[in-house]
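Asks: Pasting final_28.tsv below, which is TSV, C-alpha atoms and all ligand atoms.
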chain	number	residue	atom	x	y	z
A	155	MET	CA	15.96	-16.60	8.07
A	156	LYS	CA	13.49	-13.91	7.05
A	157	SER	CA	12.19	-13.85	3.47
A	158	LYS	CA	13.01	-10.52	1.89
A	159	ILE	CA	10.18	-9.54	-0.44
A	160	ILE	CA	9.23	-6.90	-2.95
A	161	LEU	CA	5.44	-6.77	-3.05
A	162	ASP	CA	4.03	-5.73	-6.42
A	163	THR	CA	0.45	-4.65	-5.77
A	164	ASP	CA	-2.63	-2.67	-6.84
A	165	PRO	CA	-4.20	-1.62	-3.51
A	166	GLY	CA	-7.05	-2.61	-3.51
A	167	ILE	CA	-8.85	-3.97	-0.43
A	168	ASP	CA	-7.37	-7.47	-0.27
A	169	ASP	CA	-4.01	-5.97	-1.26
A	170	VAL	CA	-4.17	-3.92	1.95
A	171	MET	CA	-4.92	-7.11	3.87
A	172	ALA	CA	-1.83	-8.68	2.24
A	173	ILE	CA	0.48	-5.70	2.80
A	174	LEU	CA	-0.38	-5.61	6.51
A	175	PHE	CA	0.10	-9.39	6.73
A	176	ALA	CA	3.58	-9.08	5.19
A	177	GLU	CA	4.45	-6.22	7.52
A	178	ALA	CA	3.08	-8.05	10.54
A	179	ASN	CA	4.68	-11.46	10.17
A	180	PRO	CA	8.21	-11.74	11.58
A	181	GLU	CA	9.24	-14.27	8.90
A	182	ILE	CA	9.01	-11.56	6.24
A	183	GLU	CA	11.00	-8.42	5.58
A	184	LEU	CA	8.88	-6.14	3.43
A	185	LYS	CA	11.58	-4.31	1.49
A	186	ALA	CA	9.45	-2.44	-1.03
A	187	ILE	CA	5.96	-1.99	-2.36
A	188	THR	CA	5.88	-1.52	-6.13
A	189	THR	CA	2.54	-0.32	-7.41
A	190	VAL	CA	0.56	-1.12	-10.51
A	191	TYR	CA	-2.84	-0.15	-11.97
A	192	GLY	CA	-5.59	-2.74	-11.57
A	193	ASN	CA	-8.10	-2.44	-8.77
A	194	ALA	CA	-7.52	1.33	-8.99
A	195	THR	CA	-5.72	3.74	-11.29
A	196	ILE	CA	-1.95	3.91	-10.83
A	197	GLU	CA	-2.37	7.30	-9.12
A	198	ASN	CA	-4.85	5.90	-6.61
A	199	SER	CA	-3.08	2.58	-6.00
A	200	THR	CA	0.19	4.45	-5.34
A	201	HIS	CA	-1.55	6.97	-3.10
A	202	ASN	CA	-3.18	4.12	-1.17
A	203	ALA	CA	0.19	2.41	-0.69
A	204	LEU	CA	1.69	5.67	0.59
A	205	TYR	CA	-1.25	6.08	2.95
A	206	LEU	CA	-0.56	2.64	4.43
A	207	LYS	CA	3.13	3.49	4.74
A	208	GLN	CA	2.23	6.66	6.62
A	209	LYS	CA	-0.53	5.19	8.79
A	210	PHE	CA	1.38	2.06	9.87
A	211	LYS	CA	4.91	3.51	9.72
A	212	LEU	CA	6.08	0.95	7.17
A	213	HIS	CA	9.80	0.99	6.37
A	214	ALA	CA	9.20	-0.30	2.85
A	215	ASP	CA	9.93	1.96	-0.11
A	216	VAL	CA	6.89	2.72	-2.25
A	217	VAL	CA	7.73	2.86	-5.96
A	218	LYS	CA	5.27	3.80	-8.69
A	219	GLY	CA	4.80	1.32	-11.52
A	220	ALA	CA	2.92	0.82	-14.76
A	221	SER	CA	-0.26	2.71	-15.57
A	222	GLN	CA	-1.54	0.37	-18.28
A	223	PRO	CA	-1.16	-3.11	-19.79
A	224	LEU	CA	1.52	-3.98	-22.36
A	225	VAL	CA	-0.74	-4.64	-25.33
A	226	ARG	CA	-4.46	-4.94	-24.62
A	227	PRO	CA	-6.67	-1.88	-24.01
A	228	PRO	CA	-7.01	-1.16	-20.26
A	229	VAL	CA	-9.93	-2.87	-18.52
A	230	GLY	CA	-10.18	0.06	-16.06
A	231	PRO	CA	-10.34	0.14	-12.25
A	232	THR	CA	-12.47	-2.51	-10.53
A	233	VAL	CA	-14.74	0.06	-8.87
A	234	ILE	CA	-17.55	-2.41	-8.28
A	235	VAL	CA	-15.29	-4.57	-6.07
A	236	HIS	CA	-12.87	-2.08	-4.49
A	237	GLY	CA	-14.73	1.25	-4.62
A	238	GLU	CA	-14.02	4.51	-6.43
A	239	GLY	CA	-10.49	5.02	-5.10
A	240	GLY	CA	-9.59	1.38	-4.36
A	241	LEU	CA	-10.09	1.27	-0.58
A	242	GLY	CA	-13.86	0.91	-0.41
A	243	ASP	CA	-15.54	3.28	2.05
A	244	VAL	CA	-12.29	4.42	3.65
A	245	ASN	CA	-11.51	8.07	3.02
A	246	VAL	CA	-7.85	8.44	2.21
A	247	PRO	CA	-6.49	11.96	2.92
A	248	THR	CA	-5.51	13.85	-0.22
A	249	GLU	CA	-2.34	15.23	1.33
A	250	LEU	CA	0.23	12.73	2.62
A	251	THR	CA	3.65	13.31	4.08
A	252	GLU	CA	5.13	10.11	2.63
A	253	GLN	CA	6.57	10.30	-0.87
A	254	VAL	CA	7.34	7.71	-3.52
A	255	THR	CA	10.90	6.56	-4.07
A	256	SER	CA	11.92	8.00	-7.44
A	257	GLY	CA	12.24	5.86	-10.57
A	258	ALA	CA	10.06	3.27	-12.23
A	259	ALA	CA	8.99	0.12	-10.38
A	260	TYR	CA	10.44	-2.24	-13.00
A	261	GLN	CA	13.86	-0.59	-12.69
A	262	TYR	CA	13.68	-0.73	-8.91
A	263	ILE	CA	13.02	-4.47	-9.17
A	264	ILE	CA	16.01	-4.97	-11.50
A	265	ASP	CA	18.35	-2.93	-9.30
A	266	ALA	CA	17.18	-4.61	-6.10
A	267	VAL	CA	17.63	-8.19	-7.31
A	268	LYS	CA	21.03	-7.33	-8.80
A	269	ALA	CA	22.14	-5.79	-5.52
A	270	GLU	CA	21.17	-8.92	-3.57
A	271	PRO	CA	21.38	-11.92	-5.93
A	272	GLY	CA	19.37	-14.93	-4.76
A	273	GLU	CA	17.93	-13.06	-1.79
A	274	ILE	CA	14.71	-11.45	-2.98
A	275	THR	CA	11.30	-13.03	-3.50
A	276	LEU	CA	9.00	-11.09	-5.82
A	277	VAL	CA	5.40	-11.37	-4.70
A	278	ALA	CA	2.95	-10.08	-7.30
A	279	ILE	CA	-0.69	-9.58	-6.32
A	280	GLY	CA	-1.85	-7.35	-9.17
A	281	PRO	CA	-1.55	-7.35	-12.98
A	282	LEU	CA	1.92	-8.60	-13.98
A	283	THR	CA	2.98	-5.60	-16.08
A	284	ASN	CA	5.86	-4.41	-13.84
A	285	LEU	CA	7.41	-7.88	-13.71
A	286	ALA	CA	7.12	-8.29	-17.50
A	287	LEU	CA	8.71	-4.87	-18.05
A	288	ALA	CA	11.57	-5.83	-15.73
A	289	LEU	CA	12.12	-9.09	-17.67
A	290	GLN	CA	12.07	-7.25	-20.99
A	291	ALA	CA	14.53	-4.60	-19.80
A	292	ASP	CA	16.93	-7.08	-18.19
A	293	PRO	CA	16.34	-10.80	-18.83
A	294	SER	CA	19.32	-11.67	-16.59
A	295	ILE	CA	17.12	-11.17	-13.52
A	296	VAL	CA	15.65	-14.65	-14.03
A	297	ASP	CA	18.78	-16.06	-12.42
A	298	LEU	CA	18.90	-13.50	-9.62
A	299	VAL	CA	15.53	-13.73	-7.87
A	300	LYS	CA	14.95	-16.30	-5.17
A	301	GLU	CA	11.36	-17.02	-6.19
A	302	VAL	CA	8.36	-15.37	-7.83
A	303	VAL	CA	5.04	-15.86	-6.02
A	304	ILE	CA	1.94	-14.76	-7.89
A	305	MET	CA	-1.68	-14.32	-6.88
A	306	GLY	CA	-3.43	-14.74	-10.19
A	307	GLY	CA	-4.89	-17.17	-12.65
A	308	ALA	CA	-7.27	-20.10	-12.30
A	309	PHE	CA	-6.76	-23.65	-13.48
A	310	GLY	CA	-10.15	-25.24	-12.78
A	311	GLU	CA	-8.97	-27.07	-9.64
A	312	ASN	CA	-11.68	-27.27	-6.98
A	313	LYS	CA	-14.02	-25.99	-9.75
A	314	HIS	CA	-12.51	-22.48	-9.79
A	315	TYR	CA	-12.19	-21.27	-13.37
A	316	GLY	CA	-12.46	-17.47	-13.36
A	317	ASN	CA	-13.83	-14.40	-11.59
A	318	VAL	CA	-14.03	-11.66	-14.24
A	319	THR	CA	-14.95	-13.91	-17.15
A	320	PRO	CA	-16.06	-17.53	-16.92
A	321	PHE	CA	-12.45	-18.53	-17.64
A	322	ALA	CA	-10.21	-15.67	-16.49
A	323	GLU	CA	-9.01	-14.29	-13.19
A	324	ALA	CA	-8.76	-10.49	-12.80
A	325	ASN	CA	-4.99	-9.97	-12.46
A	326	VAL	CA	-4.19	-12.11	-15.50
A	327	HIS	CA	-7.13	-10.76	-17.50
A	328	ASP	CA	-5.88	-7.18	-16.88
A	329	ASP	CA	-2.65	-7.95	-18.75
A	330	PRO	CA	-2.56	-11.43	-20.33
A	331	HIS	CA	0.51	-10.66	-22.44
A	332	ALA	CA	2.50	-9.68	-19.35
A	333	ALA	CA	1.27	-12.80	-17.54
A	334	ASP	CA	2.41	-15.05	-20.39
A	335	ILE	CA	5.87	-13.43	-20.33
A	336	VAL	CA	6.20	-13.83	-16.55
A	337	LEU	CA	4.85	-17.38	-16.37
A	338	THR	CA	7.03	-18.67	-19.23
A	339	ALA	CA	10.30	-17.07	-18.07
A	340	SER	CA	12.94	-19.40	-16.69
A	341	TRP	CA	12.69	-18.30	-13.08
A	342	PRO	CA	11.00	-20.27	-10.32
A	343	VAL	CA	7.31	-19.30	-10.17
A	344	VAL	CA	4.59	-20.40	-7.75
A	345	VAL	CA	1.06	-19.42	-8.75
A	346	ILE	CA	-1.46	-19.05	-5.95
A	347	GLY	CA	-4.59	-18.76	-8.06
A	348	LEU	CA	-8.36	-18.90	-7.53
A	349	ASP	CA	-7.99	-22.71	-7.22
A	350	VAL	CA	-6.78	-22.09	-3.67
A	351	THR	CA	-7.69	-18.47	-2.84
A	352	GLU	CA	-11.38	-19.22	-3.32
A	353	GLN	CA	-11.09	-22.12	-0.86
A	354	SER	CA	-10.46	-19.73	2.07
A	355	PHE	CA	-12.95	-17.22	3.48
A	356	PHE	CA	-12.75	-14.21	5.75
A	357	THR	CA	-16.26	-14.36	7.23
A	358	ARG	CA	-18.03	-11.40	8.87
A	359	GLU	CA	-17.44	-13.07	12.25
A	360	TYR	CA	-13.74	-13.58	11.56
A	361	LEU	CA	-13.30	-9.90	10.66
A	362	ASP	CA	-15.38	-8.74	13.65
A	363	THR	CA	-13.14	-10.75	15.98
A	364	LEU	CA	-10.01	-9.36	14.33
A	365	ARG	CA	-11.34	-5.83	14.84
A	366	ASP	CA	-11.94	-6.56	18.53
A	367	GLU	CA	-8.57	-8.23	19.10
A	368	ALA	CA	-6.11	-6.37	16.88
A	369	ARG	CA	-6.52	-2.73	17.89
A	370	GLU	CA	-5.92	-0.11	15.17
A	371	VAL	CA	-4.80	-2.58	12.53
A	372	GLY	CA	-7.81	-4.86	13.14
A	373	GLN	CA	-10.10	-1.84	12.97
A	374	PHE	CA	-8.54	-0.73	9.69
A	375	ILE	CA	-8.92	-4.17	8.11
A	376	TRP	CA	-12.53	-4.17	9.31
A	377	ASP	CA	-13.15	-0.67	7.90
A	378	VAL	CA	-11.63	-1.40	4.53
A	379	SER	CA	-13.48	-4.72	4.21
A	380	ARG	CA	-17.03	-3.24	4.53
A	381	PHE	CA	-17.31	-2.35	0.83
A	382	TYR	CA	-15.76	-5.68	-0.20
A	383	LEU	CA	-18.22	-7.68	1.92
A	384	ARG	CA	-21.14	-5.79	0.36
A	385	PHE	CA	-19.87	-6.77	-3.10
A	386	TYR	CA	-19.56	-10.42	-2.03
A	387	SER	CA	-22.97	-10.40	-0.41
A	388	GLN	CA	-24.73	-8.78	-3.37
A	389	ARG	CA	-22.81	-10.27	-6.31
A	390	VAL	CA	-21.35	-13.56	-5.11
A	391	GLY	CA	-24.06	-14.44	-2.58
A	392	ILE	CA	-21.80	-15.16	0.42
A	393	GLU	CA	-21.40	-13.35	3.77
A	394	ALA	CA	-17.62	-13.51	3.55
A	395	CYS	CA	-14.85	-12.63	1.14
A	396	HIS	CA	-12.28	-14.86	-0.52
A	397	VAL	CA	-8.73	-14.69	0.75
A	398	HIS	CA	-6.97	-13.76	-2.51
A	399	ASP	CA	-3.88	-11.62	-1.98
A	400	PRO	CA	-3.09	-12.63	1.63
A	401	SER	CA	-2.81	-16.25	0.40
A	402	ALA	CA	0.31	-15.35	-1.60
A	403	ILE	CA	1.90	-13.94	1.57
A	404	ALA	CA	0.83	-17.06	3.48
A	405	TYR	CA	2.69	-19.17	0.91
A	406	VAL	CA	5.91	-17.21	1.50
A	407	ILE	CA	5.59	-17.63	5.27
A	408	ASN	CA	4.64	-21.30	5.22
A	409	PRO	CA	4.68	-23.12	1.83
A	410	GLU	CA	3.47	-26.28	3.56
A	411	LEU	CA	0.01	-24.80	3.78
A	412	PHE	CA	-0.33	-25.55	0.06
A	413	THR	CA	-0.22	-28.60	-2.20
A	414	LEU	CA	1.47	-27.77	-5.49
A	415	ARG	CA	1.36	-29.20	-9.00
A	416	GLU	CA	4.07	-28.75	-11.59
A	417	GLY	CA	4.02	-28.12	-15.33
A	418	PRO	CA	4.52	-25.37	-17.93
A	419	ILE	CA	1.85	-22.65	-18.04
A	420	ARG	CA	0.55	-20.59	-20.94
A	421	VAL	CA	-1.88	-17.69	-20.98
A	422	VAL	CA	-4.51	-17.13	-23.65
A	423	THR	CA	-3.86	-13.56	-24.85
A	424	GLU	CA	-6.75	-13.02	-27.28
A	425	GLY	CA	-10.29	-14.07	-28.05
A	426	VAL	CA	-13.16	-15.28	-25.90
A	427	ALA	CA	-10.86	-17.03	-23.44
A	428	GLU	CA	-8.52	-14.03	-23.06
A	429	GLY	CA	-6.72	-14.28	-19.71
A	430	MET	CA	-7.27	-18.01	-19.28
A	431	THR	CA	-4.32	-19.82	-17.68
A	432	ILE	CA	-3.55	-23.40	-18.75
A	433	GLN	CA	-1.00	-25.76	-17.25
A	434	LYS	CA	0.28	-28.82	-19.13
A	435	CYS	CA	0.66	-31.67	-16.67
A	436	ASP	CA	1.32	-34.70	-18.88
A	437	GLN	CA	4.61	-35.77	-20.47
A	438	ARG	CA	3.03	-36.70	-23.79
A	439	VAL	CA	4.70	-35.55	-27.01
A	440	TYR	CA	2.29	-33.74	-29.33
A	441	PRO	CA	2.76	-32.75	-32.99
A	442	THR	CA	2.36	-29.11	-31.91
A	443	ASP	CA	3.07	-28.05	-28.34
A	444	GLU	CA	3.50	-24.46	-27.16
A	445	TRP	CA	3.96	-25.67	-23.57
A	446	SER	CA	6.77	-28.23	-23.55
A	447	VAL	CA	9.34	-25.70	-24.75
A	448	LYS	CA	8.67	-23.63	-21.61
A	449	PRO	CA	9.92	-24.20	-18.05
A	450	ALA	CA	7.74	-26.06	-15.56
A	451	GLN	CA	6.18	-23.83	-12.90
A	452	LYS	CA	4.18	-24.64	-9.80
A	453	ILE	CA	0.53	-23.90	-9.02
A	454	GLY	CA	-1.41	-24.28	-5.78
A	455	VAL	CA	-4.12	-26.95	-5.99
A	456	ALA	CA	-5.06	-27.38	-2.32
A	457	VAL	CA	-4.75	-25.29	0.84
A	458	LYS	CA	-5.02	-25.92	4.56
A	459	SER	CA	-7.53	-23.14	4.93
A	460	ASN	CA	-8.06	-23.25	8.70
A	461	GLU	CA	-4.33	-23.09	9.31
A	462	LEU	CA	-3.99	-20.20	6.87
A	463	LEU	CA	-6.75	-18.25	8.63
A	464	ALA	CA	-5.15	-18.93	12.00
A	465	LEU	CA	-1.76	-17.75	10.72
A	466	TYR	CA	-3.26	-14.50	9.43
A	467	ARG	CA	-5.12	-13.86	12.67
A	468	ARG	CA	-2.10	-14.62	14.90
A	469	SER	CA	0.22	-12.45	12.77
A	470	ILE	CA	-2.09	-9.42	12.80
A	471	ILE	CA	-2.90	-9.69	16.51
A	472	ASP	CA	0.75	-10.08	17.57
A	473	TYR	CA	1.73	-7.13	15.37
A	474	ALA	CA	-1.07	-5.00	16.81
A	475	LEU	CA	-0.09	-5.79	20.36
A	476	LEU	CA	3.59	-5.00	19.71
A	477	SER	CA	2.93	-1.71	17.89
B	501	LIG	C1	-7.31	-10.45	-7.61
B	501	LIG	O1	-7.93	-9.38	-8.31
B	501	LIG	C2	-8.02	-8.23	-7.49
B	501	LIG	O2	-9.32	-7.75	-7.48
B	501	LIG	C3	-7.60	-8.64	-6.12
B	501	LIG	O3	-6.89	-7.61	-5.48
B	501	LIG	C4	-6.75	-9.86	-6.33
B	501	LIG	O4	-5.41	-9.51	-6.52
B	501	LIG	C5	-8.30	-11.56	-7.41
B	501	LIG	O5	-8.75	-12.04	-8.64
B	502	CA	CA	-4.56	-7.31	-5.93
Using the file provided, produce a representation of the structure as structure tokens.
Ligand code: BDR
Ligand code: CA

Replies:
Amino acid sequence: MKSKIILDTDPGIDDVMAILFAEANPEIELKAITTVYGNATIENSTHNALYLKQKFKLHADVVKGASQPLVRPPVGPTVIVHGEGGLGDVNVPTELTEQVTSGAAYQYIIDAVKAEPGEITLVAIGPLTNLALALQADPSIVDLVKEVVIMGGAFGENKHYGNVTPFAEANVHDDPHAADIVLTASWPVVVIGLDVTEQSFFTREYLDTLRDEAREVGQFIWDVSRFYLRFYSQRVGIEACHVHDPSAIAYVINPELFTLREGPIRVVTEGVAEGMTIQKCDQRVYPTDEWSVKPAQKIGVAVKSNELLALYRRSIIDYALLS
């Protein structure tokens, strides 16, 4: 059976790669795209999502979400990684025919999971503000979602600790309070963090081949990735980019690509380690313990990277040839 997903996203270059992956793979039904600030402002991330809907004739609703974090001052768009408007060098037309579905993203999420209890997987690949707002407005949704899959966080596995600070990943760092709410709620969460996303690479050669084999969609992924690859080349020192957001989609399609570890997770919300994610994995009883009172969640600690890359490639090529 297909997995029905709502994709909460801040497009964003790798978000685009993930949205097209979700649309392309026949195991997924992309029901809606809910937008959030992060890589770009909420205006730009929503406009970029609508552009994708228009360009690739997506059936998914696009619903506008939060413009800022719950508590902390906004970090601001990640221009250095994703470009001025969020899609690197790609010029997005100012006028689009597609329109947003009215209402706030968090309310859309609540209504959707209530309408189809146990059916919908929430996949969040941006700051977690919309999901936290949904939980605050209607805590009963914890029993109504099928699963929550998150690209975010870093737990030090495979020596991956952070990407915007030495100990924080961007999506969690953008709204640590929201992340702590989402990760400690009693719904089933799987975190696909830097521990696994930084183990997979889209190399220049991989993206060149995809451009040559996957027609318009391959060309678009190639176009949008130029800016991203320049950032990686200049700032990270590799001729490839990490496979962040598409890895969360890969988990939904085939969870067996990942090895998981279980335990309650907390997020550091203030101070020098703001945005750090910490999982408690032992059963020891401590005099003070802010973890053991929270539900155990799962994190990815290993990934079959070659299989993941092959799955992405096959999905995009088959979609391109069918379109
Ligand atoms: C995450 O941050 C954003 O820049 C990417 O889109 C991804 O969701 C990686 O840390
Ligand atoms: Ca993202």

Asks: Work out how far CA of Glu183 (chain A) is from CA of Gln253 (chain A), in Å to one decimal.

Replies: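 Result for CA of Gln253 (chain A) versus CA of Glu183 (chain A): 20.3 Å, one decimal.
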
Asks: How many Å lie between CA of Asp377 (chain A) and atom CA of ligand CA 502 (chain B), rounded to one decimal?

Replies: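 Atom-to-atom, CA of Asp377 (chain A) to atom CA of ligand CA 502 (chain B), that is 17.6 Å.
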
Asks: Give me the residues near Val426 (chain A) as an MDAnalysis selection string, where near means some atom within 12 Å (using only C-alpha atoms) and where sequence neighbours in that chain fewer than 3 positions away do not count.

Replies: chainID A and resid 319:322 327 422:423 429:430

Asks: Report the closest atom pair, with its distance in Å rounded to one decimal, for each residue of chain A that has an atom no farther than 9 Å from ligand LIG 501 (chain B); count only C-alpha atoms and all ligand atoms, sort by chain and then rising residue number, and write it as CSV.

Replies:
residue,atom,partner,partner_atom,distance
A:Thr163,CA,B:LIG501,O4,7.6
A:Asp164,CA,B:LIG501,O3,6.7
A:Pro165,CA,B:LIG501,O3,6.9
A:Gly166,CA,B:LIG501,O3,5.4
A:Ile167,CA,B:LIG501,O3,6.5
A:Asp168,CA,B:LIG501,O3,5.2
A:Asp169,CA,B:LIG501,O3,5.4
A:Val170,CA,B:LIG501,O3,8.7
A:Gly192,CA,B:LIG501,C2,7.3
A:Asn193,CA,B:LIG501,O2,5.6
A:Thr232,CA,B:LIG501,O2,6.8
A:Val235,CA,B:LIG501,O2,6.9
A:His236,CA,B:LIG501,O2,7.3
A:Ala278,CA,B:LIG501,O4,8.4
A:Ile279,CA,B:LIG501,O4,4.7
A:Gly280,CA,B:LIG501,O4,4.9
A:Pro281,CA,B:LIG501,O4,7.8
A:Met305,CA,B:LIG501,O4,6.1
A:Gly306,CA,B:LIG501,O5,6.2
A:Gly307,CA,B:LIG501,O5,7.6
A:Ala308,CA,B:LIG501,O5,9.0
A:Gly316,CA,B:LIG501,O5,8.1
A:Asn317,CA,B:LIG501,O5,6.3
A:Val318,CA,B:LIG501,O5,7.7
A:Ala322,CA,B:LIG501,O5,8.8
A:Glu323,CA,B:LIG501,O5,5.1
A:Ala324,CA,B:LIG501,O5,4.4
A:Asn325,CA,B:LIG501,O1,5.1
A:Val326,CA,B:LIG501,O5,8.2
A:Gly347,CA,B:LIG501,O5,7.9
A:Leu348,CA,B:LIG501,O5,7.0
A:Thr351,CA,B:LIG501,C5,8.3
A:His396,CA,B:LIG501,C5,8.6
A:Val397,CA,B:LIG501,C5,8.8
A:His398,CA,B:LIG501,C4,5.5
A:Asp399,CA,B:LIG501,O4,5.2

Asks: Would you pick out the contacts of Arg384 (chain A) at 10 Å or less, using only C-alpha atoms, so that residues sharing its chain but fewer than 6 positions from it are not included, and give the list as a PyMOL selection string?

Replies: chain A and resi 234-235+242+390-395

Asks: Between CA of Pro330 (chain A) and CA of Glu410 (chain A), what is the distance, to one decimal in Å?

Replies: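 Between these atoms lies a distance of 28.8 Å.
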
Asks: Out of A:Leu276, A:Val246, A:Ala402, A:Leu289, which residue has the shortest atom-to-atom distance to ligand CA 502 (chain B) when counting all atoms listed in the file?

Replies: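 Looking only at the distances to ligand CA 502 (chain B), the closest residue turns out to be A:Ala402.
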
Asks: Would you mind telling me which residue in A:Thr275, A:Ala259, A:Glu197, A:Ile304 lies nearest to ligand CA 502 (chain B) when using all atoms listed in the file?

Replies: A:Ile304

Asks: Given all atoms listed in the file as the basis, pick out the residue of A:Glu273, A:Leu463, A:Met171, A:Ile263 nearest to Tyr360 (chain A).

Replies: A:Leu463

Asks: Could you give me, as a list of chain:residue names, the residues within 7 Å of Lys185 (chain A), counting all atoms listed in the file and dropping anything in the same chain fewer than 5 positions from it?

Replies: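 The residues that qualify are A:Lys158, A:Ile159, A:Ile160, A:Ala214, A:Asp215.
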
Asks: Out of A:Gly239, A:Pro400, A:Pro293, A:Gly230, which residue has the shortest atom-to-atom distance to ligand CA 502 (chain B) when counting all atoms listed in the file?

Replies: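 Once distances to ligand CA 502 (chain B) are computed over all atoms listed in the file, the minimum belongs to A:Pro400.
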
Asks: Restricting the calculation to only C-alpha atoms and all ligand atoms, which member of A:Asp328, A:Glu252, A:Glu177, A:Glu359 is positioned closest to ligand CA 502 (chain B)?

Replies: A:Asp328

Asks: Determine, counting only C-alpha atoms, every residue of protein, DNA or RNA that lies within 12 Å of (16.2, -15.6, 9.7) in the file coordinates, then give the result as a ChimeraX atom specification.

Replies: /A:155-158,180-183,273,407

Asks: Export C-alpha atoms of the chosen residues as a PDB file, keeping the file's coordinate frame?

Replies:
ATOM      1  CA  MET A 155      15.960 -16.600   8.070  1.00  0.00           C
ATOM      2  CA  LYS A 156      13.490 -13.910   7.050  1.00  0.00           C
ATOM      3  CA  SER A 157      12.190 -13.850   3.470  1.00  0.00           C
ATOM      4  CA  LYS A 158      13.010 -10.520   1.890  1.00  0.00           C
ATOM      5  CA  PRO A 180       8.210 -11.740  11.580  1.00  0.00           C
ATOM      6  CA  GLU A 181       9.240 -14.270   8.900  1.00  0.00           C
ATOM      7  CA  ILE A 182       9.010 -11.560   6.240  1.00  0.00           C
ATOM      8  CA  GLU A 183      11.000  -8.420   5.580  1.00  0.00           C
ATOM      9  CA  GLU A 273      17.930 -13.060  -1.790  1.00  0.00           C
ATOM     10  CA  ILE A 407       5.590 -17.630   5.270  1.00  0.00           C
TER      11      ILE A 407
END

Asks: Find, counting all atoms listed in the file, the residue in A:Lys207, A:Lys268, A:Lys300, A:His331 that gets nearest to Leu224 (chain A).

Replies: A:His331

Asks: Excluding Pro449 (chain A) and its own-chain neighbours fewer than 5 positions away, which residues fall within 12 Å of it when counting all atoms listed in the file? Please give them as a VMD selection string.

Replies: chain A and resid 296 335 to 343 416 to 420 433 to 435 444

Asks: For the selection you just gave me, I'd like the residues written to a file as a PDB file, in the coordinates of the input, keeping C-alpha atoms.

Replies:
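What ended up in result_18.pdb:
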ATOM      1  CA  VAL A 296      15.650 -14.650 -14.030  1.00  0.00           C
ATOM      2  CA  ILE A 335       5.870 -13.430 -20.330  1.00  0.00           C
ATOM      3  CA  VAL A 336       6.200 -13.830 -16.550  1.00  0.00           C
ATOM      4  CA  LEU A 337       4.850 -17.380 -16.370  1.00  0.00           C
ATOM      5  CA  THR A 338       7.030 -18.670 -19.230  1.00  0.00           C
ATOM      6  CA  ALA A 339      10.300 -17.070 -18.070  1.00  0.00           C
ATOM      7  CA  SER A 340      12.940 -19.400 -16.690  1.00  0.00           C
ATOM      8  CA  TRP A 341      12.690 -18.300 -13.080  1.00  0.00           C
ATOM      9  CA  PRO A 342      11.000 -20.270 -10.320  1.00  0.00           C
ATOM     10  CA  VAL A 343       7.310 -19.300 -10.170  1.00  0.00           C
ATOM     11  CA  GLU A 416       4.070 -28.750 -11.590  1.00  0.00           C
ATOM     12  CA  GLY A 417       4.020 -28.120 -15.330  1.00  0.00           C
ATOM     13  CA  PRO A 418       4.520 -25.370 -17.930  1.00  0.00           C
ATOM     14  CA  ILE A 419       1.850 -22.650 -18.040  1.00  0.00           C
ATOM     15  CA  ARG A 420       0.550 -20.590 -20.940  1.00  0.00           C
ATOM     16  CA  GLN A 433      -1.000 -25.760 -17.250  1.00  0.00           C
ATOM     17  CA  LYS A 434       0.280 -28.820 -19.130  1.00  0.00           C
ATOM     18  CA  CYS A 435       0.660 -31.670 -16.670  1.00  0.00           C
ATOM     19  CA  GLU A 444       3.500 -24.460 -27.160  1.00  0.00           C
TER      20      GLU A 444
END
